[in-house]
Amino acid sequence: MSYKHIIFEREDTISRITFNRPQAHNALDRDMSDELADAVRKVKKDRQCRILVFRGNGDTFCAGDDIKDFLAWNDEDPYWQCRQYQETAQMIEDLTCITIAAVDGVCTGGGLELTLTCDFVVATDRSRWGMPEIDWDITPGWGGVTRLQKFAGRRKTKEWNLIGQLFDAATAERYDLINRICKPADLTKEVDALIAVIAAKNPVTLRRSKFVLNKSADLPTHAAMAFEVPIQPFDSKPGRFATDGMEDFAKPETRAARRKVSKSFWQT
């Protein structure tokens, strides 16, 4: 599918969205944000897509909003653009497929906010993170305050937003923004290894688990527990509760094979 500012690819059950404005550090202008929203909407409707990967072309993931684009906005534009950003972010978070952000270089503002909606983040050790909006005399518009403090806590979120200083990948990992750090040359290999592990899991159980994790996160514990009750059967044979995974667990050889797949990514 052809876009001007992003590259949208689909191979088998894997979709990829690559931010493609390297000359502008993959910053989001109005056209690029429209294309991103359209591409995510296509993934949302794609029942065969199991994994969506975000990454940036060149040596930057996404530097957030294109400030030069702001200079041409009228006083109505911020409201409409912010609402679109928020709708796109929520759409990404609610996708049935598993989402991965492959981060290299600068990941700031809207770029960081986008990673907060993803299920996994694999980042290079040279990646740089931050919320610099304070120096533009604006506030974050699609999760840099709300979602960020759910990961890093109020204290650190205040520091990053009120000071605007960038921080390194090790700090991002320490505050739960990254699952795994790797060398730049290994980013593709690490993401492919994660994809292989996810692809080996039962797709029905994956989507159910993701739904439960996302929707119960903002509820009191007693209400969230309702999501854990298997009212609808798991991916099992008609008339019985036992799944293939349960049967495999009962056999030493198949139990070991499943555990080997799960260990393969995190032990590399």
# chains A, B, ... in the order shown; residues from 1 in each chain; ligands from 1

$ residues_around --residues "stretch 1-6 of chain A" --least-positions-apart "2" --cutoff "6 Å" --atoms "only C-alpha atoms" --output "list in words"
Thr18, Phe19, Asn20, Arg21 and Met32 of chain A

$ write_last_selection --atoms "C-alpha atoms" --output "PDB file, in the first residue's frame"
ATOM      1  CA  THR A  18       7.904   2.537   9.043  1.00  0.00           C
ATOM      2  CA  PHE A  19       8.039   6.288   9.615  1.00  0.00           C
ATOM      3  CA  ASN A  20       9.615   7.642   6.458  1.00  0.00           C
ATOM      4  CA  ARG A  21      10.627  11.267   6.920  1.00  0.00           C
ATOM      5  CA  MET A  32       2.093  11.841   8.184  1.00  0.00           C
TER       6      MET A  32
END

$ closest_atom_pairs --of "stretch 131-250 of chain A" --to "stretch 56-77 of chain A" --cutoff "12 Å" --atoms "only C-alpha atoms" --output "CSV"
residue,atom,partner,partner_atom,distance
A:Met131,CA,A:Gly64,CA,9.0
A:Pro132,CA,A:Gly64,CA,9.3
A:Glu133,CA,A:Asp65,CA,9.4
A:Asp135,CA,A:Ile67,CA,11.3
A:Trp136,CA,A:Ile67,CA,8.3
A:Asp137,CA,A:Ile67,CA,11.3
A:Ile138,CA,A:Ile67,CA,10.8
A:Thr139,CA,A:Asp65,CA,11.8
A:Pro140,CA,A:Asp65,CA,10.0
A:Gly141,CA,A:Asp65,CA,10.0
A:Trp142,CA,A:Gly64,CA,10.7
A:Gly144,CA,A:Gly64,CA,10.9
A:Leu166,CA,A:Ala63,CA,11.6
A:Pro184,CA,A:Asp59,CA,9.3
A:Ala185,CA,A:Asp59,CA,11.4
A:Leu187,CA,A:Asp59,CA,11.8
A:Thr188,CA,A:Gly56,CA,11.9

$ write_last_selection --atoms "N, CA and C atoms" --output "CSV table (one decimal), in the first residue's frame"
chain,number,residue,atom,x,y,z
A,131,MET,N,10.5,14.1,26.8
A,131,MET,CA,9.3,14.8,26.5
A,131,MET,C,9.7,16.3,26.5
A,132,PRO,N,10.1,16.8,25.3
A,132,PRO,CA,10.7,18.2,25.2
A,132,PRO,C,9.6,19.3,25.1
A,133,GLU,N,8.3,19.0,25.2
A,133,GLU,CA,7.3,20.0,24.9
A,133,GLU,C,7.4,21.2,25.7
A,135,ASP,N,9.8,23.0,26.3
A,135,ASP,CA,10.6,24.0,25.7
A,135,ASP,C,10.0,24.6,24.4
A,136,TRP,N,8.8,24.0,24.0
A,136,TRP,CA,8.1,24.6,22.9
A,136,TRP,C,6.9,25.4,23.4
A,137,ASP,N,6.8,25.5,24.7
A,137,ASP,CA,5.7,26.2,25.4
A,137,ASP,C,4.3,25.6,25.1
A,138,ILE,N,4.3,24.2,25.1
A,138,ILE,CA,3.1,23.5,24.9
A,138,ILE,C,3.1,22.3,25.9
A,139,THR,N,2.0,21.6,26.0
A,139,THR,CA,2.0,20.4,26.8
A,139,THR,C,1.8,19.2,25.9
A,140,PRO,N,2.2,18.0,26.4
A,140,PRO,CA,2.0,16.8,25.5
A,140,PRO,C,0.5,16.5,25.2
A,141,GLY,N,0.2,15.9,24.1
A,141,GLY,CA,-1.2,15.8,23.7
A,141,GLY,C,-1.8,14.4,23.6
A,142,TRP,N,-0.9,13.4,23.6
A,142,TRP,CA,-1.5,12.0,23.5
A,142,TRP,C,-0.8,10.9,24.3
A,144,GLY,N,1.8,11.7,27.0
A,144,GLY,CA,3.0,12.0,27.7
A,144,GLY,C,2.9,12.3,29.1
A,166,LEU,N,16.5,15.2,27.8
A,166,LEU,CA,16.4,13.8,27.3
A,166,LEU,C,17.2,12.9,28.2
A,184,PRO,N,22.6,-1.4,18.0
A,184,PRO,CA,21.9,-0.9,16.8
A,184,PRO,C,22.0,-2.0,15.7
A,185,ALA,N,23.1,-2.7,15.5
A,185,ALA,CA,23.2,-3.7,14.4
A,185,ALA,C,22.4,-4.9,14.7
A,187,LEU,N,19.2,-4.8,16.1
A,187,LEU,CA,17.8,-4.5,16.4
A,187,LEU,C,16.9,-5.4,15.5
A,188,THR,N,17.1,-5.5,14.3
A,188,THR,CA,16.3,-6.3,13.4
A,188,THR,C,16.3,-7.8,13.9

$ closest_residue --among "A:Cys82, A:Cys97, A:Arg174, A:Asp104" --to "A:Ala199" --atoms "only C-alpha atoms"
A:Cys97

$ residues_around --residues "A:Ile51" --least-positions-apart "4" --cutoff "8 Å" --atoms "only C-alpha atoms" --output "list of chain:residue names"
A:Thr13, A:Ile14, A:Ser15, A:Cys97, A:Ile98, A:Thr99, A:Ile100, A:Ile195

$ write_last_selection --atoms "N, CA and C atoms" --output "mmCIF file, in the first residue's frame"
data_model
loop_
_atom_site.group_PDB
_atom_site.id
_atom_site.type_symbol
_atom_site.label_atom_id
_atom_site.label_comp_id
_atom_site.auth_asym_id
_atom_site.auth_seq_id
_atom_site.Cartn_x
_atom_site.Cartn_y
_atom_site.Cartn_z
ATOM 1 N N THR A 13 1.360 -12.896 8.217
ATOM 2 C CA THR A 13 0.512 -12.360 9.297
ATOM 3 C C THR A 13 1.163 -11.179 10.020
ATOM 4 N N ILE A 14 2.211 -10.619 9.420
ATOM 5 C CA ILE A 14 2.955 -9.532 10.062
ATOM 6 C C ILE A 14 2.835 -8.251 9.244
ATOM 7 N N SER A 15 2.430 -7.180 9.891
ATOM 8 C CA SER A 15 2.377 -5.861 9.259
ATOM 9 C C SER A 15 3.478 -4.985 9.848
ATOM 10 N N CYS A 97 -4.001 -7.492 17.421
ATOM 11 C CA CYS A 97 -2.665 -8.044 17.181
ATOM 12 C C CYS A 97 -1.670 -7.534 18.220
ATOM 13 N N ILE A 98 -0.546 -8.221 18.342
ATOM 14 C CA ILE A 98 0.529 -7.801 19.231
ATOM 15 C C ILE A 98 1.343 -6.718 18.532
ATOM 16 N N THR A 99 1.666 -5.644 19.257
ATOM 17 C CA THR A 99 2.389 -4.520 18.671
ATOM 18 C C THR A 99 3.786 -4.402 19.272
ATOM 19 N N ILE A 100 4.743 -4.098 18.403
ATOM 20 C CA ILE A 100 6.143 -3.976 18.805
ATOM 21 C C ILE A 100 6.697 -2.664 18.280
ATOM 22 N N ILE A 195 9.342 -11.800 17.397
ATOM 23 C CA ILE A 195 8.238 -12.185 16.520
ATOM 24 C C ILE A 195 8.096 -13.703 16.468
#

$ closest_atom_pairs --of "stretch 23-95 of chain A" --to "stretch 209-218 of chain A" --cutoff "12 Å" --atoms "only C-alpha atoms" --output "tab-separated table"
residue	atom	partner	partner_atom	distance
A:Gln90	CA	A:Asn214	CA	11.1
A:Ile92	CA	A:Asn214	CA	11.7
A:Glu93	CA	A:Asn214	CA	8.0
A:Asp94	CA	A:Phe211	CA	7.9
A:Leu95	CA	A:Phe211	CA	9.1

$ write_last_selection --atoms "all heavy atoms" --output "PDB file, in the first residue's frame"
ATOM      1  N   GLN A  90      -5.151   5.428  20.951  1.00  0.00           N
ATOM      2  CA  GLN A  90      -6.065   4.474  21.571  1.00  0.00           C
ATOM      3  C   GLN A  90      -6.337   3.299  20.645  1.00  0.00           C
ATOM      4  O   GLN A  90      -6.467   2.149  21.096  1.00  0.00           O
ATOM      5  CB  GLN A  90      -7.378   5.173  21.949  1.00  0.00           C
ATOM      6  CG  GLN A  90      -8.276   4.338  22.850  1.00  0.00           C
ATOM      7  CD  GLN A  90      -7.597   4.011  24.169  1.00  0.00           C
ATOM      8  OE1 GLN A  90      -7.097   4.889  24.859  1.00  0.00           O
ATOM      9  NE2 GLN A  90      -7.565   2.737  24.532  1.00  0.00           N
ATOM     10  N   ILE A  92      -4.232   2.049  18.483  1.00  0.00           N
ATOM     11  CA  ILE A  92      -3.055   1.176  18.554  1.00  0.00           C
ATOM     12  C   ILE A  92      -3.109   0.324  19.818  1.00  0.00           C
ATOM     13  O   ILE A  92      -2.882  -0.883  19.793  1.00  0.00           O
ATOM     14  CB  ILE A  92      -1.757   1.997  18.517  1.00  0.00           C
ATOM     15  CG1 ILE A  92      -1.600   2.702  17.159  1.00  0.00           C
ATOM     16  CG2 ILE A  92      -0.539   1.105  18.786  1.00  0.00           C
ATOM     17  CD1 ILE A  92      -0.474   3.729  17.123  1.00  0.00           C
ATOM     18  N   GLU A  93      -3.413   0.957  20.947  1.00  0.00           N
ATOM     19  CA  GLU A  93      -3.462   0.231  22.213  1.00  0.00           C
ATOM     20  C   GLU A  93      -4.519  -0.864  22.190  1.00  0.00           C
ATOM     21  O   GLU A  93      -4.333  -1.934  22.785  1.00  0.00           O
ATOM     22  CB  GLU A  93      -3.747   1.208  23.359  1.00  0.00           C
ATOM     23  CG  GLU A  93      -3.641   0.575  24.732  1.00  0.00           C
ATOM     24  CD  GLU A  93      -3.738   1.602  25.844  1.00  0.00           C
ATOM     25  OE1 GLU A  93      -2.693   2.164  26.212  1.00  0.00           O
ATOM     26  OE2 GLU A  93      -4.856   1.855  26.321  1.00  0.00           O
ATOM     27  N   ASP A  94      -5.620  -0.637  21.475  1.00  0.00           N
ATOM     28  CA  ASP A  94      -6.732  -1.583  21.453  1.00  0.00           C
ATOM     29  C   ASP A  94      -6.631  -2.627  20.344  1.00  0.00           C
ATOM     30  O   ASP A  94      -7.516  -3.487  20.228  1.00  0.00           O
ATOM     31  CB  ASP A  94      -8.057  -0.827  21.292  1.00  0.00           C
ATOM     32  CG  ASP A  94      -8.449  -0.053  22.537  1.00  0.00           C
ATOM     33  OD1 ASP A  94      -7.941  -0.388  23.626  1.00  0.00           O
ATOM     34  OD2 ASP A  94      -9.252   0.888  22.424  1.00  0.00           O
ATOM     35  N   LEU A  95      -5.595  -2.564  19.518  1.00  0.00           N
ATOM     36  CA  LEU A  95      -5.472  -3.532  18.434  1.00  0.00           C
ATOM     37  C   LEU A  95      -5.455  -4.963  18.975  1.00  0.00           C
ATOM     38  O   LEU A  95      -4.865  -5.247  20.015  1.00  0.00           O
ATOM     39  CB  LEU A  95      -4.197  -3.287  17.633  1.00  0.00           C
ATOM     40  CG  LEU A  95      -4.182  -2.071  16.704  1.00  0.00           C
ATOM     41  CD1 LEU A  95      -2.775  -1.882  16.113  1.00  0.00           C
ATOM     42  CD2 LEU A  95      -5.212  -2.212  15.586  1.00  0.00           C
TER      43      LEU A  95
END

$ select_by_dssp --residues "stretch 36-80 of chain A" --states "helix (DSSP H, G or I)" --output "ChimeraX atom specification"
/A:36-45,67-70,77-80

$ select_by_dssp --residues "stretch 74-117 of chain A" --states "strand (DSSP E)" --output "number ranges by chain"
A: 98-103, 106-108

$ atom_distance --atom1 "atom CA of A:Arg128" --atom2 "atom CA of A:Arg30"
23.7 Å

$ closest_residue --among "A:Ser264, A:Thr88, A:Asn202, A:Thr115" --to "A:Phe234" --atoms "only C-alpha atoms"
A:Asn202

$ residues_around --residues "A:Val40" --least-positions-apart "3" --cutoff "8 Å" --atoms "only C-alpha atoms" --output "ChimeraX atom specification"
/A:36-37,43-44,88,91-92

$ atom_distance --atom1 "atom CA of A:Leu28" --atom2 "atom CA of A:Ile198"
29.3 Å

$ residues_around --residues "A:Glu173" --least-positions-apart "6" --cutoff "12 Å" --atoms "only C-alpha atoms" --output "ChimeraX atom specification"
/A:120-125,127-129,151-152,167,179-182

$ write_last_selection --atoms "all heavy atoms" --output "tab-separated table (two decimals), in the first residue's frame"
chain	number	residue	atom	x	y	z
A	120	PHE	N	5.19	-4.33	23.23
A	120	PHE	CA	6.62	-4.56	23.46
A	120	PHE	C	7.42	-3.40	22.87
A	120	PHE	O	7.04	-2.84	21.85
A	120	PHE	CB	7.10	-5.87	22.81
A	120	PHE	CG	6.53	-7.12	23.42
A	120	PHE	CD1	5.35	-7.67	22.95
A	120	PHE	CD2	7.19	-7.75	24.46
A	120	PHE	CE1	4.82	-8.83	23.51
A	120	PHE	CE2	6.68	-8.91	25.03
A	120	PHE	CZ	5.50	-9.45	24.56
A	121	VAL	N	8.53	-3.10	23.52
A	121	VAL	CA	9.47	-2.10	22.99
A	121	VAL	C	10.87	-2.71	23.05
A	121	VAL	O	11.36	-3.07	24.13
A	121	VAL	CB	9.44	-0.79	23.79
A	121	VAL	CG1	10.46	0.19	23.22
A	121	VAL	CG2	8.04	-0.18	23.77
A	122	VAL	N	11.50	-2.83	21.88
A	122	VAL	CA	12.90	-3.24	21.78
A	122	VAL	C	13.66	-2.02	21.29
A	122	VAL	O	13.31	-1.43	20.27
A	122	VAL	CB	13.08	-4.42	20.81
A	122	VAL	CG1	14.55	-4.84	20.75
A	122	VAL	CG2	12.21	-5.61	21.22
A	123	ALA	N	14.71	-1.61	22.01
A	123	ALA	CA	15.39	-0.36	21.69
A	123	ALA	C	16.90	-0.54	21.70
A	123	ALA	O	17.44	-1.40	22.40
A	123	ALA	CB	15.00	0.73	22.68
A	124	THR	N	17.57	0.29	20.93
A	124	THR	CA	19.03	0.24	20.89
A	124	THR	C	19.62	1.03	22.06
A	124	THR	O	18.97	1.91	22.62
A	124	THR	CB	19.57	0.82	19.58
A	124	THR	OG1	19.30	2.23	19.53
A	124	THR	CG2	18.93	0.14	18.37
A	125	ASP	N	20.87	0.71	22.37
A	125	ASP	CA	21.52	1.38	23.50
A	125	ASP	C	21.87	2.83	23.20
A	125	ASP	O	22.25	3.58	24.11
A	125	ASP	CB	22.76	0.60	23.96
A	125	ASP	CG	23.76	0.37	22.82
A	125	ASP	OD1	23.61	0.96	21.73
A	125	ASP	OD2	24.69	-0.43	23.03
A	127	SER	N	19.58	4.82	21.73
A	127	SER	CA	18.32	5.55	21.62
A	127	SER	C	18.24	6.63	22.71
A	127	SER	O	18.75	6.46	23.81
A	127	SER	CB	17.12	4.60	21.70
A	127	SER	OG	17.10	3.88	22.92
A	128	ARG	N	17.56	7.72	22.37
A	128	ARG	CA	17.42	8.86	23.27
A	128	ARG	C	15.93	9.16	23.45
A	128	ARG	O	15.18	9.23	22.48
A	128	ARG	CB	18.14	10.09	22.72
A	128	ARG	CG	19.63	9.90	22.51
A	128	ARG	CD	20.38	9.87	23.81
A	128	ARG	NE	20.41	11.18	24.44
A	128	ARG	CZ	20.85	11.41	25.67
A	128	ARG	NH1	21.25	10.40	26.42
A	128	ARG	NH2	20.88	12.62	26.15
A	129	TRP	N	15.53	9.34	24.68
A	129	TRP	CA	14.12	9.46	25.04
A	129	TRP	C	13.86	10.80	25.71
A	129	TRP	O	14.75	11.41	26.28
A	129	TRP	CB	13.74	8.32	25.98
A	129	TRP	CG	13.97	6.96	25.39
A	129	TRP	CD1	15.19	6.38	25.12
A	129	TRP	CD2	12.98	6.04	24.97
A	129	TRP	NE1	15.01	5.14	24.55
A	129	TRP	CE2	13.67	4.90	24.44
A	129	TRP	CE3	11.58	6.04	24.99
A	129	TRP	CZ2	12.99	3.79	23.95
A	129	TRP	CZ3	10.91	4.92	24.50
A	129	TRP	CH2	11.62	3.82	23.98
A	151	PHE	N	3.45	4.13	33.66
A	151	PHE	CA	4.66	3.32	33.53
A	151	PHE	C	5.72	3.74	34.55
A	151	PHE	O	6.26	2.91	35.28
A	151	PHE	CB	5.25	3.47	32.11
A	151	PHE	CG	4.49	2.75	31.04
A	151	PHE	CD1	3.36	3.31	30.47
A	151	PHE	CD2	4.90	1.50	30.59
A	151	PHE	CE1	2.66	2.65	29.48
A	151	PHE	CE2	4.21	0.82	29.60
A	151	PHE	CZ	3.08	1.40	29.04
A	152	ALA	N	6.03	5.02	34.55
A	152	ALA	CA	7.20	5.51	35.29
A	152	ALA	C	6.87	6.13	36.64
A	152	ALA	O	7.79	6.44	37.41
A	152	ALA	CB	7.95	6.53	34.43
A	167	PHE	N	16.83	11.58	28.09
A	167	PHE	CA	17.49	10.56	28.90
A	167	PHE	C	17.83	9.36	28.03
A	167	PHE	O	17.32	9.19	26.93
A	167	PHE	CB	16.63	10.16	30.10
A	167	PHE	CG	15.19	9.81	29.78
A	167	PHE	CD1	14.81	8.50	29.55
A	167	PHE	CD2	14.22	10.81	29.72
A	167	PHE	CE1	13.49	8.17	29.27
A	167	PHE	CE2	12.89	10.50	29.44
A	167	PHE	CZ	12.53	9.18	29.21
A	179	ASN	N	11.38	-3.08	26.97
A	179	ASN	CA	11.50	-4.48	27.37
A	179	ASN	C	12.94	-4.98	27.25
A	179	ASN	O	13.40	-5.76	28.08
A	179	ASN	CB	10.62	-5.38	26.49
A	179	ASN	CG	9.15	-5.13	26.69
A	179	ASN	OD1	8.54	-4.40	25.93
A	179	ASN	ND2	8.58	-5.71	27.73
A	180	ARG	N	13.62	-4.54	26.19
A	180	ARG	CA	14.95	-5.07	25.92
A	180	ARG	C	15.81	-4.05	25.19
A	180	ARG	O	15.34	-3.38	24.29
A	180	ARG	CB	14.84	-6.33	25.08
A	180	ARG	CG	16.18	-6.99	24.79
A	180	ARG	CD	16.03	-8.46	24.75
A	180	ARG	NE	17.30	-9.14	24.67
A	180	ARG	CZ	17.43	-10.44	24.58
A	180	ARG	NH1	16.36	-11.18	24.56
A	180	ARG	NH2	18.60	-11.01	24.51
A	181	ILE	N	17.10	-3.97	25.57
A	181	ILE	CA	18.06	-3.08	24.92
A	181	ILE	C	19.05	-3.94	24.12
A	181	ILE	O	19.48	-5.00	24.59
A	181	ILE	CB	18.82	-2.23	25.95
A	181	ILE	CG1	17.85	-1.32	26.71
A	181	ILE	CG2	19.90	-1.40	25.28
A	181	ILE	CD1	18.51	-0.49	27.81
A	182	CYS	N	19.40	-3.46	22.94
A	182	CYS	CA	20.36	-4.18	22.11
A	182	CYS	C	21.26	-3.19	21.38
A	182	CYS	O	21.03	-1.98	21.42
A	182	CYS	CB	19.64	-5.08	21.10
A	182	CYS	SG	18.64	-4.17	19.90

$ atom_distance --atom1 "atom CA of A:Pro78" --atom2 "atom CA of A:Gln149"
23.1 Å

$ closest_residue --among "A:Ala24, A:Cys49, A:Cys107, A:Leu162" --to "A:Leu177" --atoms "only C-alpha atoms"
A:Cys107

$ decode --residues "stretch 18-92 of chain A" --atoms "C-alpha atoms" --output "short mmCIF file (atom, residue, chain, number, x, y, z; two decimals), in the first residue's frame"
data_model
loop_
_atom_site.label_atom_id
_atom_site.label_comp_id
_atom_site.auth_asym_id
_atom_site.auth_seq_id
_atom_site.Cartn_x
_atom_site.Cartn_y
_atom_site.Cartn_z
CA THR A 18 7.90 2.54 9.04
CA PHE A 19 8.04 6.29 9.61
CA ASN A 20 9.61 7.64 6.46
CA ARG A 21 10.63 11.27 6.92
CA PRO A 22 14.30 10.73 7.81
CA GLN A 23 15.20 14.23 6.62
CA ALA A 24 12.94 15.55 9.42
CA HIS A 25 13.88 12.91 12.02
CA ASN A 26 10.59 11.14 11.19
CA ALA A 27 8.67 13.93 12.89
CA LEU A 28 4.89 13.82 12.55
CA ASP A 29 3.42 16.54 10.38
CA ARG A 30 -0.27 16.67 9.51
CA ASP A 31 0.06 14.49 6.41
CA MET A 32 2.09 11.84 8.18
CA SER A 33 -0.31 11.67 11.11
CA ASP A 34 -3.19 11.21 8.64
CA GLU A 35 -1.34 8.37 6.94
CA LEU A 36 -0.51 6.76 10.28
CA ALA A 37 -4.17 6.87 11.34
CA ASP A 38 -5.24 5.34 8.03
CA ALA A 39 -2.67 2.54 8.18
CA VAL A 40 -3.53 1.65 11.79
CA ARG A 41 -7.20 1.57 10.83
CA LYS A 42 -6.37 -0.96 8.10
CA VAL A 43 -4.54 -3.14 10.61
CA LYS A 44 -7.50 -2.90 12.98
CA LYS A 45 -9.76 -4.39 10.30
CA ASP A 46 -7.25 -7.09 9.29
CA ARG A 47 -8.30 -10.25 11.13
CA GLN A 48 -5.31 -12.19 9.81
CA CYS A 49 -2.68 -9.78 11.17
CA ARG A 50 -1.04 -11.17 14.30
CA ILE A 51 1.86 -8.75 14.78
CA LEU A 52 2.42 -5.07 13.94
CA VAL A 53 5.92 -3.56 14.08
CA PHE A 54 6.64 0.19 14.21
CA ARG A 55 10.07 1.54 13.35
CA GLY A 56 11.72 4.59 11.83
CA ASN A 57 13.64 4.93 8.59
CA GLY A 58 17.22 6.10 9.08
CA ASP A 59 18.78 6.64 12.50
CA THR A 60 15.70 8.04 14.25
CA PHE A 61 12.54 6.33 15.46
CA CYS A 62 10.32 9.42 15.71
CA ALA A 63 11.12 12.88 17.05
CA GLY A 64 7.47 13.62 17.81
CA ASP A 65 5.54 16.47 16.26
CA ASP A 66 7.01 18.54 13.46
CA ILE A 67 7.28 21.97 15.07
CA LYS A 68 7.74 23.66 11.70
CA ASP A 69 4.31 22.32 10.74
CA PHE A 70 2.83 24.00 13.84
CA LEU A 71 3.83 27.40 12.52
CA ALA A 72 1.17 27.12 9.79
CA TRP A 73 -1.66 26.02 12.11
CA ASN A 74 -4.65 28.20 12.92
CA ASP A 75 -6.22 28.37 16.37
CA GLU A 76 -8.64 25.50 15.60
CA ASP A 77 -5.99 23.04 14.42
CA PRO A 78 -4.53 22.04 17.82
CA TYR A 79 -7.87 20.70 19.02
CA TRP A 80 -8.54 18.60 15.92
CA GLN A 81 -4.98 17.33 15.57
CA CYS A 82 -4.74 16.43 19.24
CA ARG A 83 -8.00 14.51 19.06
CA GLN A 84 -6.74 12.59 16.04
CA TYR A 85 -3.47 11.77 17.80
CA GLN A 86 -5.38 10.52 20.84
CA GLU A 87 -7.76 8.43 18.72
CA THR A 88 -4.83 6.89 16.83
CA ALA A 89 -2.99 6.12 20.07
CA GLN A 90 -6.06 4.47 21.57
CA MET A 91 -6.63 2.52 18.37
CA ILE A 92 -3.05 1.18 18.55
#
